[in-house]
file start.pdb (PDB, C-alpha atoms and all ligand atoms)
ATOM      1  CA  MET W 123     -17.202-127.415 -48.600
ATOM      2  CA  GLU W 124     -15.364-124.352 -47.308
ATOM      3  CA  LYS W 125     -12.423-125.161 -49.571
ATOM      4  CA  GLN W 126     -14.741-125.438 -52.562
ATOM      5  CA  GLN W 127     -16.542-122.184 -51.699
ATOM      6  CA  LYS W 128     -13.195-120.412 -51.356
ATOM      7  CA  ILE W 129     -12.425-121.096 -55.012
ATOM      8  CA  GLY W 130     -15.818-119.697 -56.015
ATOM      9  CA  LEU W 131     -17.940-122.844 -56.383
ATOM     10  CA  ASP W 132     -21.626-122.693 -55.510
ATOM     11  CA  VAL W 133     -21.816-125.380 -52.769
ATOM     12  CA  SER W 134     -24.113-125.375 -49.745
ATOM     13  CA  LEU W 135     -24.853-127.570 -46.744
ATOM     14  CA  LEU W 136     -28.232-129.321 -46.343
ATOM     15  CA  ASP W 137     -29.652-131.013 -43.232
ATOM     16  CA  THR W 138     -31.454-134.367 -43.380
ATOM     17  CA  ASP W 139     -34.864-132.892 -44.253
ATOM     18  CA  GLN W 140     -33.530-130.547 -46.906
ATOM     19  CA  ALA W 141     -31.501-133.352 -48.479
ATOM     20  CA  ARG W 142     -34.502-135.736 -48.507
ATOM     21  CA  LYS W 143     -36.727-133.068 -49.977
ATOM     22  CA  MET W 144     -34.344-132.787 -52.894
ATOM     23  CA  GLU W 145     -33.790-136.550 -53.172
ATOM     24  CA  PRO W 146     -36.801-138.350 -51.657
ATOM     25  CA  SER W 147     -35.191-141.791 -52.117
ATOM     26  CA  LEU W 148     -32.408-141.019 -49.627
ATOM     27  CA  SER W 149     -32.456-143.023 -46.393
ATOM     28  CA  GLU W 150     -33.819-141.177 -43.364
ATOM     29  CA  LYS W 151     -30.575-142.118 -41.618
ATOM     30  CA  ILE W 152     -28.660-139.654 -43.813
ATOM     31  CA  LEU W 153     -27.098-136.991 -41.580
ATOM     32  CA  GLY W 154     -27.042-134.327 -44.221
ATOM     33  CA  SER W 155     -25.462-133.463 -47.505
ATOM     34  CA  THR W 156     -23.690-130.855 -49.545
ATOM     35  CA  PHE W 157     -25.317-129.632 -52.738
ATOM     36  CA  SER W 158     -24.001-127.934 -55.837
ATOM     37  CA  PRO W 159     -26.253-126.887 -58.724
ATOM     38  CA  LEU W 160     -23.116-126.948 -60.900
ATOM     39  CA  ASP W 161     -22.846-130.756 -60.841
ATOM     40  CA  GLY W 162     -23.616-132.419 -64.148
ATOM     41  CA  GLN W 163     -23.537-135.731 -65.937
ATOM     42  CA  VAL W 164     -22.095-136.843 -69.259
ATOM     43  CA  ASN W 165     -22.043-140.140 -71.104
ATOM     44  CA  PRO W 166     -18.273-140.768 -71.402
ATOM     45  CA  ILE W 167     -18.587-142.783 -74.604
ATOM     46  CA  LEU W 168     -20.633-140.102 -76.369
ATOM     47  CA  LEU W 169     -18.236-137.436 -75.078
ATOM     48  CA  THR W 170     -15.264-139.304 -76.546
ATOM     49  CA  PHE W 171     -17.002-139.626 -79.933
ATOM     50  CA  ALA W 172     -17.887-135.919 -79.795
ATOM     51  CA  PHE W 173     -14.205-135.005 -79.292
ATOM     52  CA  ILE W 174     -13.217-137.281 -82.187
ATOM     53  CA  SER W 175     -15.825-135.811 -84.510
ATOM     54  CA  ALA W 176     -14.803-132.231 -83.613
ATOM     55  CA  ALA W 177     -11.127-133.106 -84.186
ATOM     56  CA  LYS W 178     -11.932-134.648 -87.574
ATOM     57  CA  LYS W 179     -13.743-131.472 -88.630
ATOM     58  CA  LEU W 180     -10.464-129.648 -87.955
ATOM     59  CA  GLY W 181      -8.568-132.064 -90.188
ATOM     60  CA  THR W 182      -7.330-134.635 -87.683
ATOM     61  CA  GLU W 183      -6.754-138.133 -88.997
ATOM     62  CA  VAL W 184      -7.835-140.739 -86.434
ATOM     63  CA  LEU W 185      -6.279-144.212 -86.453
ATOM     64  CA  THR W 186      -7.777-146.783 -84.103
ATOM     65  CA  HIS W 187      -6.666-150.206 -82.888
ATOM     66  CA  ILE W 188      -3.022-149.524 -83.695
ATOM     67  CA  GLU W 189      -0.632-150.147 -80.844
ATOM     68  CA  ILE W 190       2.378-147.912 -80.315
ATOM     69  CA  THR W 191       5.315-150.220 -79.734
ATOM     70  CA  GLY W 192       8.287-147.846 -79.892
ATOM     71  CA  ILE W 193       9.462-144.258 -79.935
ATOM     72  CA  GLU W 194      12.496-143.076 -81.869
ATOM     73  CA  LEU W 195      14.502-140.198 -80.450
ATOM     74  CA  LYS W 196      17.362-138.338 -82.095
ATOM     75  CA  SER W 197      19.691-136.170 -79.996
ATOM     76  CA  GLY W 198      17.066-135.970 -77.211
ATOM     77  CA  LYS W 199      14.264-135.026 -79.615
ATOM     78  CA  VAL W 200      11.192-136.991 -80.672
ATOM     79  CA  ARG W 201      11.677-138.244 -84.250
ATOM     80  CA  SER W 202       8.959-140.875 -84.843
ATOM     81  CA  ILE W 203       6.641-143.426 -83.304
ATOM     82  CA  ILE W 204       6.740-147.079 -84.197
ATOM     83  CA  THR W 205       3.338-148.712 -84.486
ATOM     84  CA  ALA W 206       2.187-152.225 -85.189
ATOM     85  CA  LYS W 207       1.458-150.930 -88.713
ATOM     86  CA  GLY W 208       4.676-149.050 -89.374
ATOM     87  CA  GLU W 209       6.584-145.918 -88.454
ATOM     88  CA  ILE W 210       5.071-142.413 -88.319
ATOM     89  CA  GLU W 211       7.439-139.459 -88.395
ATOM     90  CA  THR W 212       6.587-136.707 -85.959
ATOM     91  CA  ASP W 213       8.293-134.152 -83.764
ATOM     92  CA  ILE W 214       5.535-134.148 -81.127
ATOM     93  CA  ILE W 215       4.074-137.022 -79.113
ATOM     94  CA  ILE W 216       1.349-136.517 -76.503
ATOM     95  CA  ASN W 217       1.273-139.371 -74.028
ATOM     96  CA  ALA W 218      -2.468-139.525 -73.248
ATOM     97  CA  THR W 219      -2.666-143.253 -72.620
ATOM     98  CA  GLY W 220      -4.267-143.034 -69.171
ATOM     99  CA  ALA W 221      -3.491-146.029 -66.970
ATOM    100  CA  TYR W 222      -1.021-147.275 -69.637
ATOM    101  CA  ALA W 223       1.067-144.088 -69.649
ATOM    102  CA  ALA W 224       3.941-145.685 -67.700
ATOM    103  CA  ARG W 225       4.294-148.363 -70.387
ATOM    104  CA  ILE W 226       4.722-145.658 -73.037
ATOM    105  CA  GLY W 227       7.302-143.978 -70.764
ATOM    106  CA  LYS W 228       9.267-147.227 -70.558
ATOM    107  CA  LEU W 229       9.742-147.163 -74.339
ATOM    108  CA  ILE W 230      12.126-144.234 -73.784
ATOM    109  CA  ASP W 231      13.394-145.249 -70.304
ATOM    110  CA  LEU W 232      11.239-142.642 -68.620
ATOM    111  CA  ASP W 233       9.735-143.405 -65.199
ATOM    112  CA  ILE W 234       6.130-142.230 -65.044
ATOM    113  CA  PRO W 235       4.506-143.014 -61.669
ATOM    114  CA  ILE W 236       1.031-143.743 -63.019
ATOM    115  CA  LYS W 237      -0.586-147.040 -62.131
ATOM    116  CA  PRO W 238      -3.975-148.576 -62.819
ATOM    117  CA  ARG W 239      -6.585-148.353 -60.059
ATOM    118  CA  ARG W 240      -9.518-150.597 -60.827
ATOM    119  CA  GLY W 241     -13.094-149.371 -60.410
ATOM    120  CA  GLN W 242     -15.990-151.814 -60.590
ATOM    121  CA  ILE W 243     -19.470-150.529 -61.465
ATOM    122  CA  LEU W 244     -22.938-152.076 -61.422
ATOM    123  CA  VAL W 245     -25.855-151.313 -63.718
ATOM    124  CA  THR W 246     -29.421-151.871 -62.520
ATOM    125  CA  GLU W 247     -32.528-152.580 -64.542
ATOM    126  CA  ALA W 248     -34.287-149.447 -65.846
ATOM    127  CA  ALA W 249     -36.685-147.864 -63.350
ATOM    128  CA  PRO W 250     -38.853-144.755 -63.036
ATOM    129  CA  GLN W 251     -37.044-141.817 -61.488
ATOM    130  CA  ILE W 252     -35.271-142.770 -58.262
ATOM    131  CA  LEU W 253     -32.494-140.182 -58.372
ATOM    132  CA  ARG W 254     -32.918-136.614 -59.564
ATOM    133  CA  ARG W 255     -29.177-135.977 -59.690
ATOM    134  CA  GLY W 256     -25.844-137.735 -59.221
ATOM    135  CA  LEU W 257     -24.853-138.637 -55.647
ATOM    136  CA  LEU W 258     -21.347-139.028 -54.253
ATOM    137  CA  SER W 259     -20.483-140.190 -50.744
ATOM    138  CA  ALA W 260     -18.670-137.743 -48.468
ATOM    139  CA  GLY W 261     -15.681-140.111 -48.391
ATOM    140  CA  TYR W 262     -15.436-139.979 -52.169
ATOM    141  CA  ILE W 263     -15.331-136.186 -52.197
ATOM    142  CA  ALA W 264     -12.925-135.992 -49.229
ATOM    143  CA  ALA W 265     -10.580-138.391 -51.033
ATOM    144  CA  LYS W 266     -10.276-135.894 -53.875
ATOM    145  CA  PHE W 267      -8.689-133.461 -51.413
ATOM    146  CA  ASP W 268      -6.611-136.101 -49.642
ATOM    147  CA  PRO W 269      -5.836-139.167 -51.806
ATOM    148  CA  SER W 270      -4.579-141.118 -48.756
ATOM    149  CA  LEU W 271      -8.177-141.324 -47.482
ATOM    150  CA  ALA W 272      -9.219-143.254 -50.568
ATOM    151  CA  GLU W 273      -6.543-145.871 -49.983
ATOM    152  CA  THR W 274      -7.989-146.899 -46.624
ATOM    153  CA  GLN W 275     -11.571-146.798 -47.831
ATOM    154  CA  GLY W 276     -11.732-149.302 -50.661
ATOM    155  CA  VAL W 277     -15.067-148.036 -51.972
ATOM    156  CA  GLY W 278     -16.118-144.467 -52.796
ATOM    157  CA  ILE W 279     -19.811-144.378 -53.520
ATOM    158  CA  SER W 280     -21.190-142.757 -56.642
ATOM    159  CA  MET W 281     -24.744-143.169 -57.945
ATOM    160  CA  ASP W 282     -26.356-141.846 -61.091
ATOM    161  CA  GLN W 283     -29.520-142.584 -62.996
ATOM    162  CA  THR W 284     -29.122-142.458 -66.763
ATOM    163  CA  SER W 285     -31.697-140.989 -69.143
ATOM    164  CA  SER W 286     -32.881-144.540 -69.930
ATOM    165  CA  GLY W 287     -33.633-145.173 -66.252
ATOM    166  CA  ASN W 288     -30.774-147.551 -65.423
ATOM    167  CA  LEU W 289     -28.820-146.734 -62.302
ATOM    168  CA  LEU W 290     -25.024-146.781 -62.298
ATOM    169  CA  LEU W 291     -23.680-147.808 -58.903
ATOM    170  CA  GLY W 292     -19.993-147.565 -58.175
ATOM    171  CA  SER W 293     -17.274-148.012 -57.466
ATOM    172  CA  THR W 294     -14.337-149.872 -55.972
ATOM    173  CA  ARG W 295     -10.810-148.494 -55.775
ATOM    174  CA  GLU W 296      -8.316-151.325 -56.085
ATOM    175  CA  PHE W 297      -4.704-151.810 -57.090
ATOM    176  CA  VAL W 298      -4.751-155.122 -58.974
ATOM    177  CA  GLY W 299      -2.531-154.322 -61.953
ATOM    178  CA  PHE W 300      -4.258-154.326 -65.331
ATOM    179  CA  ASP W 301      -6.932-156.848 -64.296
ATOM    180  CA  LYS W 302     -10.310-155.537 -65.503
ATOM    181  CA  ARG W 303     -12.457-158.357 -64.120
ATOM    182  CA  THR W 304     -15.267-157.768 -61.646
ATOM    183  CA  THR W 305     -15.318-159.708 -58.369
ATOM    184  CA  TYR W 306     -18.015-161.041 -56.061
ATOM    185  CA  GLU W 307     -16.471-159.109 -53.172
ATOM    186  CA  GLY W 308     -16.411-155.845 -55.117
ATOM    187  CA  ILE W 309     -20.021-156.210 -56.298
ATOM    188  CA  ASN W 310     -21.172-157.101 -52.787
ATOM    189  CA  ASN W 311     -19.371-154.120 -51.299
ATOM    190  CA  ILE W 312     -20.962-151.685 -53.741
ATOM    191  CA  LEU W 313     -24.438-153.118 -53.113
ATOM    192  CA  LYS W 314     -24.022-153.010 -49.332
ATOM    193  CA  ASN W 315     -22.888-149.389 -49.360
ATOM    194  CA  THR W 316     -25.302-147.991 -51.949
ATOM    195  CA  SER W 317     -28.407-149.665 -50.481
ATOM    196  CA  ARG W 318     -27.631-148.095 -47.094
ATOM    197  CA  ILE W 319     -28.018-144.706 -48.760
ATOM    198  CA  ILE W 320     -30.919-145.591 -51.122
ATOM    199  CA  PRO W 321     -32.804-148.452 -49.376
ATOM    200  CA  GLN W 322     -35.029-148.993 -52.441
ATOM    201  CA  LEU W 323     -32.040-150.517 -54.257
ATOM    202  CA  LYS W 324     -32.464-153.703 -52.201
ATOM    203  CA  ASN W 325     -35.454-154.613 -54.401
ATOM    204  CA  MET W 326     -33.821-153.955 -57.759
ATOM    205  CA  HIS W 327     -32.123-156.263 -60.231
ATOM    206  CA  ILE W 328     -28.534-155.793 -61.289
ATOM    207  CA  ILE W 329     -28.279-156.456 -65.025
ATOM    208  CA  ARG W 330     -24.583-155.869 -65.648
ATOM    209  CA  SER W 331     -21.260-155.199 -63.993
ATOM    210  CA  PHE W 332     -18.002-153.980 -65.475
ATOM    211  CA  ALA W 333     -14.679-152.507 -64.429
ATOM    212  CA  GLY W 334     -12.309-149.862 -65.746
ATOM    213  CA  LEU W 335      -8.816-148.684 -64.871
ATOM    214  CA  ARG W 336      -8.302-145.200 -63.498
ATOM    215  CA  PRO W 337      -4.866-143.667 -64.095
ATOM    216  CA  TYR W 338      -3.664-143.131 -60.503
ATOM    217  CA  THR W 339      -0.815-140.804 -59.509
ATOM    218  CA  PRO W 340       0.689-140.730 -55.988
ATOM    219  CA  ASP W 341      -0.445-137.140 -55.274
ATOM    220  CA  GLY W 342      -3.837-137.316 -56.988
ATOM    221  CA  LEU W 343      -2.946-134.711 -59.624
ATOM    222  CA  PRO W 344      -2.538-135.413 -63.324
ATOM    223  CA  ILE W 345       0.811-135.170 -65.114
ATOM    224  CA  LEU W 346       0.677-132.476 -67.778
ATOM    225  CA  GLY W 347       3.101-130.677 -70.037
ATOM    226  CA  LYS W 348       6.592-130.945 -71.485
ATOM    227  CA  VAL W 349       9.119-133.423 -70.119
ATOM    228  CA  GLN W 350      12.583-132.148 -69.348
ATOM    229  CA  GLY W 351      15.302-133.571 -71.584
ATOM    230  CA  ILE W 352      12.986-135.105 -74.212
ATOM    231  CA  GLU W 353      12.018-132.423 -76.668
ATOM    232  CA  GLY W 354       8.586-132.940 -78.202
ATOM    233  CA  PHE W 355       7.341-135.454 -75.593
ATOM    234  CA  ILE W 356       4.272-134.093 -73.798
ATOM    235  CA  MET W 357       2.339-135.665 -70.923
ATOM    236  CA  ALA W 358      -1.465-135.549 -70.581
ATOM    237  CA  ALA W 359      -2.317-138.466 -68.307
ATOM    238  CA  GLY W 360      -2.945-139.478 -64.686
ATOM    239  CA  HIS W 361      -6.385-137.936 -64.114
ATOM    240  CA  GLU W 362      -7.527-140.845 -61.906
ATOM    241  CA  GLY W 363     -11.268-140.612 -61.267
ATOM    242  CA  ASP W 364     -11.741-137.202 -62.903
ATOM    243  CA  GLY W 365     -10.500-137.721 -66.442
ATOM    244  CA  MET W 366     -13.878-137.109 -68.047
ATOM    245  CA  ALA W 367     -14.548-133.889 -66.129
ATOM    246  CA  LEU W 368     -11.014-132.673 -66.773
ATOM    247  CA  SER W 369     -10.848-133.650 -70.446
ATOM    248  CA  PRO W 370     -11.902-130.288 -71.967
ATOM    249  CA  ILE W 371      -9.482-128.205 -69.877
ATOM    250  CA  THR W 372      -6.686-130.727 -70.445
ATOM    251  CA  GLY W 373      -7.202-130.593 -74.209
ATOM    252  CA  GLU W 374      -7.309-126.817 -74.176
ATOM    253  CA  LEU W 375      -4.118-126.435 -72.123
ATOM    254  CA  ILE W 376      -2.140-128.984 -74.135
ATOM    255  CA  ALA W 377      -3.274-127.360 -77.401
ATOM    256  CA  GLU W 378      -2.175-123.947 -76.090
ATOM    257  CA  LEU W 379       1.182-125.392 -75.046
ATOM    258  CA  ILE W 380       1.847-126.869 -78.491
ATOM    259  CA  ASP W 381       0.525-123.848 -80.374
ATOM    260  CA  THR W 382       2.170-121.056 -78.422
ATOM    261  CA  GLY W 383       4.594-122.658 -75.961
ATOM    262  CA  GLU W 384       2.586-121.119 -73.079
ATOM    263  CA  THR W 385      -0.590-121.973 -71.176
ATOM    264  CA  SER W 386      -3.323-119.752 -69.720
ATOM    265  CA  ILE W 387      -3.109-121.715 -66.433
ATOM    266  CA  SER W 388       0.359-122.576 -65.149
ATOM    267  CA  LEU W 389       1.275-126.254 -65.469
ATOM    268  CA  ASP W 390       4.031-126.001 -62.837
ATOM    269  CA  HIS W 391       2.108-128.132 -60.280
ATOM    270  CA  PHE W 392       1.508-130.832 -62.836
ATOM    271  CA  ARG W 393       5.012-131.419 -64.187
ATOM    272  CA  LEU W 394       6.341-134.970 -64.270
ATOM    273  CA  GLU W 395       9.544-133.704 -62.649
ATOM    274  CA  ARG W 396       7.715-133.190 -59.303
ATOM    275  CA  PHE W 397       8.180-136.930 -58.711
ATOM    276  CA  PHE W 398      11.913-136.974 -59.421
ATOM    277  CA  THR W 399      14.145-136.890 -56.367
ATOM    278  CA  THR W 400      17.662-135.536 -56.539
ATOM    279  CA  SER W 401      20.258-137.844 -54.971
ATOM    280  CA  GLN W 402      22.210-135.547 -52.639
TER     281      GLN W 402
HETATM  282  C1  LIG A   1     -15.387-146.953 -62.380
HETATM  283  C2  LIG A   1     -14.893-145.627 -62.881
HETATM  284  C3  LIG A   1     -15.659-144.478 -62.675
HETATM  285  C4  LIG A   1     -15.226-143.245 -63.133
HETATM  286  N1  LIG A   1     -16.018-142.136 -62.932
HETATM  287  C5  LIG A   1     -15.611-140.942 -63.394
HETATM  288  C6  LIG A   1     -16.412-139.779 -63.205
HETATM  289  O1  LIG A   1     -17.492-139.839 -62.617
HETATM  290  N2  LIG A   1     -15.952-138.592 -63.681
HETATM  291  C7  LIG A   1     -14.765-138.482 -64.326
HETATM  292  O2  LIG A   1     -14.408-137.378 -64.718
HETATM  293  N3  LIG A   1     -13.967-139.561 -64.515
HETATM  294  C8  LIG A   1     -14.356-140.790 -64.055
HETATM  295  N4  LIG A   1     -13.555-141.885 -64.224
HETATM  296  C9  LIG A   1     -12.184-141.699 -64.686
HETATM  297  C10 LIG A   1     -12.043-141.592 -66.188
HETATM  298  O3  LIG A   1     -12.683-142.687 -66.818
HETATM  299  C11 LIG A   1     -10.539-141.590 -66.531
HETATM  300  O4  LIG A   1      -9.877-140.602 -65.777
HETATM  301  C12 LIG A   1     -10.363-141.304 -68.018
HETATM  302  O5  LIG A   1     -10.967-142.309 -68.790
HETATM  303  C13 LIG A   1      -8.899-141.213 -68.386
HETATM  304  O6  LIG A   1      -8.874-140.827 -69.722
HETATM  305  P1  LIG A   1      -7.563-140.964 -70.586
HETATM  306  O7  LIG A   1      -7.928-140.511 -71.957
HETATM  307  O8  LIG A   1      -6.407-140.328 -69.884
HETATM  308  O9  LIG A   1      -7.248-142.550 -70.599
HETATM  309  P2  LIG A   1      -8.110-143.708 -71.231
HETATM  310  O10 LIG A   1      -9.534-143.337 -71.339
HETATM  311  O11 LIG A   1      -7.743-144.945 -70.457
HETATM  312  O12 LIG A   1      -7.533-143.800 -72.701
HETATM  313  C14 LIG A   1      -6.218-144.234 -72.924
HETATM  314  C15 LIG A   1      -6.160-144.801 -74.323
HETATM  315  O13 LIG A   1      -4.816-145.108 -74.650
HETATM  316  C16 LIG A   1      -4.809-146.293 -75.410
HETATM  317  N5  LIG A   1      -3.485-146.920 -75.337
HETATM  318  C17 LIG A   1      -2.856-147.443 -74.258
HETATM  319  N6  LIG A   1      -1.654-147.923 -74.600
HETATM  320  C18 LIG A   1      -1.516-147.736 -75.940
HETATM  321  C19 LIG A   1      -0.491-148.048 -76.881
HETATM  322  N7  LIG A   1       0.651-148.648 -76.531
HETATM  323  N8  LIG A   1      -0.709-147.701 -78.192
HETATM  324  C20 LIG A   1      -1.863-147.077 -78.582
HETATM  325  N9  LIG A   1      -2.859-146.756 -77.724
HETATM  326  C21 LIG A   1      -2.679-147.078 -76.419
HETATM  327  C22 LIG A   1      -5.884-147.137 -74.754
HETATM  328  O14 LIG A   1      -6.315-148.159 -75.639
HETATM  329  C23 LIG A   1      -6.960-146.101 -74.485
HETATM  330  O15 LIG A   1      -7.822-145.960 -75.566
HETATM  331  C24 LIG A   1     -13.982-143.149 -63.790
HETATM  332  C25 LIG A   1     -13.212-144.301 -64.017
HETATM  333  C26 LIG A   1     -13.667-145.529 -63.570
HETATM  334  C27 LIG A   1     -12.828-146.767 -63.836
END

call {"tool": "encode", "arguments": {"input": "start.pdb", "output": "structure tokens"}}
result
Amino acid sequence: MEKQQKIGLDVSLLDTDQARKMEPSLSEKILGSTFSPLDGQVNPILLTFAFISAAKKLGTEVLTHIEITGIELKSGKVRSIITAKGEIETDIIINATGAYAARIGKLIDLDIPIKPRRGQILVTEAAPQILRRGLLSAGYIAAKFDPSLAETQGVGISMDQTSSGNLLLGSTREFVGFDKRTTYEGINNILKNTSRIIPQLKNMHIIRSFAGLRPYTPDGLPILGKVQGIEGFIMAAGHEGDGMALSPITGELIAELIDTGETSISLDHFRLERFFTTSQ
């Protein structure tokens, strides 16, 4: 909390009573909580469509369901991309393929240390208001400051109630390659942990479960910006569990970089080259 306050975020500490006053469904065993009025919620699918529609208004042509299978370089510069439906000439490629970014890197023999980290999520039946705002477990938040904590934890709890009344309960953190199946163990783990915090969940029906792949990087930071030695190849991937929240700022910075060659926030900490070791 102190770290967050230091960078100017409005975050405060609540004791058990204060926390339960704000969220009456919380278990009385809760020790306390942090609270930020800045927290918000978006529907990631609607957000993605909103970005696409805004881009189209600016003249962007959007092609879907076309796999990129190759990249042509000429004298260290991007020349074209090869797709399942033909070649497209370009001098700029932005690798924004999330958990698949390393596969795109391989097309030009570039090592990108992004791997998929599976997250399973449960959806409950719709119910009258149980949660007034999104809840995250302390472990989940701590893991954002120290990614090694997440590795030992397995599950970082997040709970939200959507506008239609369904609750979203998540999520696991697993390295299982590109496997997007849900598992009995994962579902059980989420239920055990979330119903400790909101006991009322024990009486609710789960109507659906699904899993997605977060683009994990070893230091928990995304990989953004130009790549040394390959002119025109730009990285915008590796946002792990924050890719929705970070999507507007990522888009803005990458657009600035392409437009002007500079960015209003330095991308030095996010360069791919931070993972390269020199052999000396
Ligand atoms: C369970 C779970 C909970 C999450 N909760 C949150 C949250 O609360 N807040 C938050 O901010 N983030 C959250 N995230 C993380 C967020 O979903 C990701 O960080 C984000 O989706 C990454 O966006 P992206 O555009 O980089 O990659 P993606 O959304 O994965 O998009 C990559 C795209 O690249 C395409 N692609 C891949 N390879 C190719 C190819 N060869 N040719 C053409 N296209 C290709 C894919 O089809 C895909 O459409 C969560 C993730 C999970 C799994």

call {"tool": "residues_near_ligand", "arguments": {"input": "start.pdb", "ligand": "ligand LIG 1 (chain A)", "cutoff": "6 Å", "atoms": "only C-alpha atoms and all ligand atoms", "output": "ChimeraX atom specification"}}
result
/W:188-191,218-222,240-243,293,333-336,359,361-367

call {"tool": "residues_near_point", "arguments": {"input": "start.pdb", "point": "(-9.3, -135.8, -51.3)", "cutoff": "12 Å", "atoms": "only C-alpha atoms", "output": "number ranges by chain"}}
result
W: 123, 125-126, 260-273, 275, 278, 341-343, 362-364

call {"tool": "atom_distance", "arguments": {"input": "start.pdb", "atom1": "CA of Ala176 (chain W)", "atom2": "CA of Ser286 (chain W)"}}
result
25.8 Å

call {"tool": "residues_around", "arguments": {"input": "start.pdb", "residues": "region 147-149 of chain W", "least_positions_apart": "6", "cutoff": "10 Å", "atoms": "all atoms listed in the file", "output": "list in words"}}
result
Thr138, Ala141, Gln251, Ile252, Leu253, Arg254, Leu257, Ser317, Arg318, Ile319, Ile320, Pro321, Gln322 and Leu323 of chain W

call {"tool": "write_last_selection", "arguments": {"input": "start.pdb", "atoms": "C-alpha atoms", "output": "PDB file, keeping the file's coordinate frame"}}
result
ATOM      1  CA  THR W 138     -31.454-134.367 -43.380  1.00  0.00           C
ATOM      2  CA  ALA W 141     -31.501-133.352 -48.479  1.00  0.00           C
ATOM      3  CA  GLN W 251     -37.044-141.817 -61.488  1.00  0.00           C
ATOM      4  CA  ILE W 252     -35.271-142.770 -58.262  1.00  0.00           C
ATOM      5  CA  LEU W 253     -32.494-140.182 -58.372  1.00  0.00           C
ATOM      6  CA  ARG W 254     -32.918-136.614 -59.564  1.00  0.00           C
ATOM      7  CA  LEU W 257     -24.853-138.637 -55.647  1.00  0.00           C
ATOM      8  CA  SER W 317     -28.407-149.665 -50.481  1.00  0.00           C
ATOM      9  CA  ARG W 318     -27.631-148.095 -47.094  1.00  0.00           C
ATOM     10  CA  ILE W 319     -28.018-144.706 -48.760  1.00  0.00           C
ATOM     11  CA  ILE W 320     -30.919-145.591 -51.122  1.00  0.00           C
ATOM     12  CA  PRO W 321     -32.804-148.452 -49.376  1.00  0.00           C
ATOM     13  CA  GLN W 322     -35.029-148.993 -52.441  1.00  0.00           C
ATOM     14  CA  LEU W 323     -32.040-150.517 -54.257  1.00  0.00           C
TER      15      LEU W 323
END

call {"tool": "closest_residue", "arguments": {"input": "start.pdb", "among": "W:Arg255, W:Ile387, W:Gly308, W:Thr294", "to": "Ile279 (chain W)", "atoms": "all atoms listed in the file"}}
result
W:Thr294

call {"tool": "atom_distance", "arguments": {"input": "start.pdb", "atom1": "CA of Ala206 (chain W)", "atom2": "CA of Leu394 (chain W)"}}
result
27.4 Å

call {"tool": "closest_residue", "arguments": {"input": "start.pdb", "among": "W:Arg239, W:Lys314, W:Lys196, W:His391", "to": "Gly351 (chain W)", "atoms": "all atoms listed in the file"}}
result
W:Lys196

call {"tool": "resolve_selection", "arguments": {"input": "start.pdb", "expression": "the PyMOL selection byres (((chain W and resi 291) around 6) and not hetatm)", "output": "ChimeraX atom specification"}}
result
/W:243-244,281,290,292

call {"tool": "resolve_selection", "arguments": {"input": "start.pdb", "expression": "the PyMOL selection byres (((chain W and resi 326) around 9) and not hetatm)", "output": "PyMOL selection string"}}
result
chain W and resi 246-247+249+322-325+327-328

call {"tool": "build_atoms", "arguments": {"input": "start.pdb", "residues": "region 187-194 of chain W", "atoms": "N, CA, C and O atoms", "output": "PDB file, in the frame of the given file"}}
result
ATOM      1  N   HIS W 187      -7.143-148.821 -83.014  1.00  0.00           N
ATOM      2  CA  HIS W 187      -6.666-150.206 -82.888  1.00  0.00           C
ATOM      3  C   HIS W 187      -5.266-150.388 -83.472  1.00  0.00           C
ATOM      4  O   HIS W 187      -4.989-151.363 -84.147  1.00  0.00           O
ATOM      5  N   ILE W 188      -4.417-149.389 -83.270  1.00  0.00           N
ATOM      6  CA  ILE W 188      -3.022-149.524 -83.695  1.00  0.00           C
ATOM      7  C   ILE W 188      -2.137-149.260 -82.483  1.00  0.00           C
ATOM      8  O   ILE W 188      -2.124-148.146 -81.957  1.00  0.00           O
ATOM      9  N   GLU W 189      -1.434-150.284 -82.062  1.00  0.00           N
ATOM     10  CA  GLU W 189      -0.632-150.147 -80.844  1.00  0.00           C
ATOM     11  C   GLU W 189       0.695-149.447 -81.126  1.00  0.00           C
ATOM     12  O   GLU W 189       1.356-149.723 -82.128  1.00  0.00           O
ATOM     13  N   ILE W 190       1.059-148.537 -80.227  1.00  0.00           N
ATOM     14  CA  ILE W 190       2.378-147.912 -80.315  1.00  0.00           C
ATOM     15  C   ILE W 190       3.362-148.825 -79.596  1.00  0.00           C
ATOM     16  O   ILE W 190       3.171-149.153 -78.424  1.00  0.00           O
ATOM     17  N   THR W 191       4.383-149.249 -80.325  1.00  0.00           N
ATOM     18  CA  THR W 191       5.315-150.220 -79.734  1.00  0.00           C
ATOM     19  C   THR W 191       6.709-149.628 -79.519  1.00  0.00           C
ATOM     20  O   THR W 191       7.548-150.229 -78.865  1.00  0.00           O
ATOM     21  N   GLY W 192       6.964-148.442 -80.074  1.00  0.00           N
ATOM     22  CA  GLY W 192       8.287-147.846 -79.892  1.00  0.00           C
ATOM     23  C   GLY W 192       8.270-146.361 -80.183  1.00  0.00           C
ATOM     24  O   GLY W 192       7.331-145.840 -80.806  1.00  0.00           O
ATOM     25  N   ILE W 193       9.298-145.692 -79.668  1.00  0.00           N
ATOM     26  CA  ILE W 193       9.462-144.258 -79.935  1.00  0.00           C
ATOM     27  C   ILE W 193      10.920-144.049 -80.337  1.00  0.00           C
ATOM     28  O   ILE W 193      11.822-144.531 -79.645  1.00  0.00           O
ATOM     29  N   GLU W 194      11.117-143.375 -81.437  1.00  0.00           N
ATOM     30  CA  GLU W 194      12.496-143.076 -81.869  1.00  0.00           C
ATOM     31  C   GLU W 194      12.855-141.651 -81.457  1.00  0.00           C
ATOM     32  O   GLU W 194      12.096-140.711 -81.721  1.00  0.00           O
TER      33      GLU W 194
END
